[in-house]
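Some notes on the structure that comes next.
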Amino acid sequence: MEESRARRMVQTLRDRNVFAHVRLPRAGGVGYGIRVVLADGREAEWEAGAAGLAAQVMRNGVLVGFVETIPGSDQFTEEQAIDAIAAADYDRPIGRSEAPAVRRPVPPPPPPSLADRLRSSFRG
């Protein structure tokens, strides 16, 4: 992402009350990005690469989540990208998956132990 585009997007996000900043390019990085500071101390670092718009959610420099690449975001206008960043779900954890369609059968209970069998023989 170019610096001028990142700055325009950050200003528009701030106008929408999103706490956003321009993220400077890292060593070997592809360009500028957008950093969104979240209420619980995490930060979402947005990048617009060749695959589209995606974010890493970090806390104290450690990856704690991510926002997957948004389908079709490689063709987004600035306004569509701003809408996507402002409406992103940052609370979805890594690895969330759908519940399996078929439930596994419940295994039978284990056979009674020797102590259980002796107790039942003395009672009855």
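Every chain in the structure tokens has a letter given in the order shown (A, B, ...), and although residue numbers restart at 1 in each chain, ligands are simply numbered from 1 in the order shown.
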
Practice problem: Quick one: everything within 7 Å of Asp74 (chain A), counting only C-alpha atoms, minus sequence neighbours fewer than 6 positions away in the same chain. Send it as a list in words. | Solution: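 Counting only C-alpha atoms, the residues come to Ala50, Ala51, Gly52 and Leu53 of chain A.
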
Exercise. Could you please write out, as a PyMOL selection string, every residue of chain A that DSSP assigns to strand (DSSP E)?
Key: chain A and resi 20-23+33-37+43-49+52-59+62-67

Self-check item: Residues within 12 Å of Ile70 (chain A), only C-alpha atoms, excluding chain neighbours under 6 positions, as a list of chain:residue names
Solution: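 In the requested form, the answer reads A:Trp46, A:Glu47, A:Ala48, A:Gly49, A:Ala50, A:Ala51, A:Gly52, A:Leu53, A:Ala54, A:Ala55, A:Phe76, A:Gln80, A:Ala81, A:Asp83, A:Ala84, A:Ile85, A:Ala87, A:Ala88, A:Asp89.
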
Those same residues - C-alpha atoms - I'd like them written as a PDB file, in the first residue's frame.
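So result.pdb came out as:
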ATOM      1  CA  TRP A  46      -3.792  -4.469   8.084  1.00  0.00           C
ATOM      2  CA  GLU A  47      -1.949  -5.009   4.837  1.00  0.00           C
ATOM      3  CA  ALA A  48      -3.219  -4.832   1.284  1.00  0.00           C
ATOM      4  CA  GLY A  49      -1.138  -7.313  -0.663  1.00  0.00           C
ATOM      5  CA  ALA A  50      -1.580  -9.042  -4.005  1.00  0.00           C
ATOM      6  CA  ALA A  51      -3.983 -11.555  -2.408  1.00  0.00           C
ATOM      7  CA  GLY A  52      -6.149  -8.853  -0.874  1.00  0.00           C
ATOM      8  CA  LEU A  53      -6.834  -7.206   2.452  1.00  0.00           C
ATOM      9  CA  ALA A  54      -5.847  -9.173   5.581  1.00  0.00           C
ATOM     10  CA  ALA A  55      -4.816  -8.430   9.173  1.00  0.00           C
ATOM     11  CA  PHE A  76     -11.717  -2.953  -3.393  1.00  0.00           C
ATOM     12  CA  GLN A  80     -14.814  -0.478   0.473  1.00  0.00           C
ATOM     13  CA  ALA A  81     -11.507  -1.246   2.228  1.00  0.00           C
ATOM     14  CA  ASP A  83     -15.760  -0.272   5.433  1.00  0.00           C
ATOM     15  CA  ALA A  84     -14.160  -3.728   5.729  1.00  0.00           C
ATOM     16  CA  ILE A  85     -11.592  -2.571   8.306  1.00  0.00           C
ATOM     17  CA  ALA A  87     -16.602  -3.695  10.379  1.00  0.00           C
ATOM     18  CA  ALA A  88     -14.033  -6.470  10.991  1.00  0.00           C
ATOM     19  CA  ASP A  89     -14.624  -9.058  13.747  1.00  0.00           C
TER      20      ASP A  89
END

Exercise. Determine which residues of chain A receive a DSSP assignment of alpha helix (DSSP H), computed from the backbone, and state them as a PyMOL selection string.
Key: chain A and resi 3-15+78-86+114-123

Self-check item: Gap from CA of Gly31 (chain A) to CA of Glu3 (chain A) - Å, one decimal
Solution: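 Spanning CA of Gly31 (chain A) to CA of Glu3 (chain A) is a straight-line distance of 7.7 Å.
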
Quiz prompt | Given only C-alpha atoms as the counted atoms, nearest of A:Asp91, A:Thr69, A:Arg16, A:Met1 to Leu38 (chain A) | solution = A:Asp91

Quiz item: For Ala39 (chain A), which residue out of A:Arg59, A:Glu2, A:Val22, A:Val64 is the nearest one, using only C-alpha atoms?
Solution: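 Ranking A:Arg59, A:Glu2, A:Val22, A:Val64 by distance to Ala39 (chain A), first place goes to A:Arg59.
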
Self-check item: Shortest interatomic distance to Gln56 (chain A) - which of A:Asn17, A:Arg35, A:Gly41, A:Ser73, counting only C-alpha atoms
Solution: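 Using only C-alpha atoms, Gln56 (chain A) sits closest to A:Arg35.
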
Self-check item: Using only C-alpha atoms: which of A:Val57, A:Leu63, A:Leu114, A:Val36 has the shortest distance to Val18 (chain A)
Solution: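 With only C-alpha atoms as the atom set, the closest residue is A:Val36.
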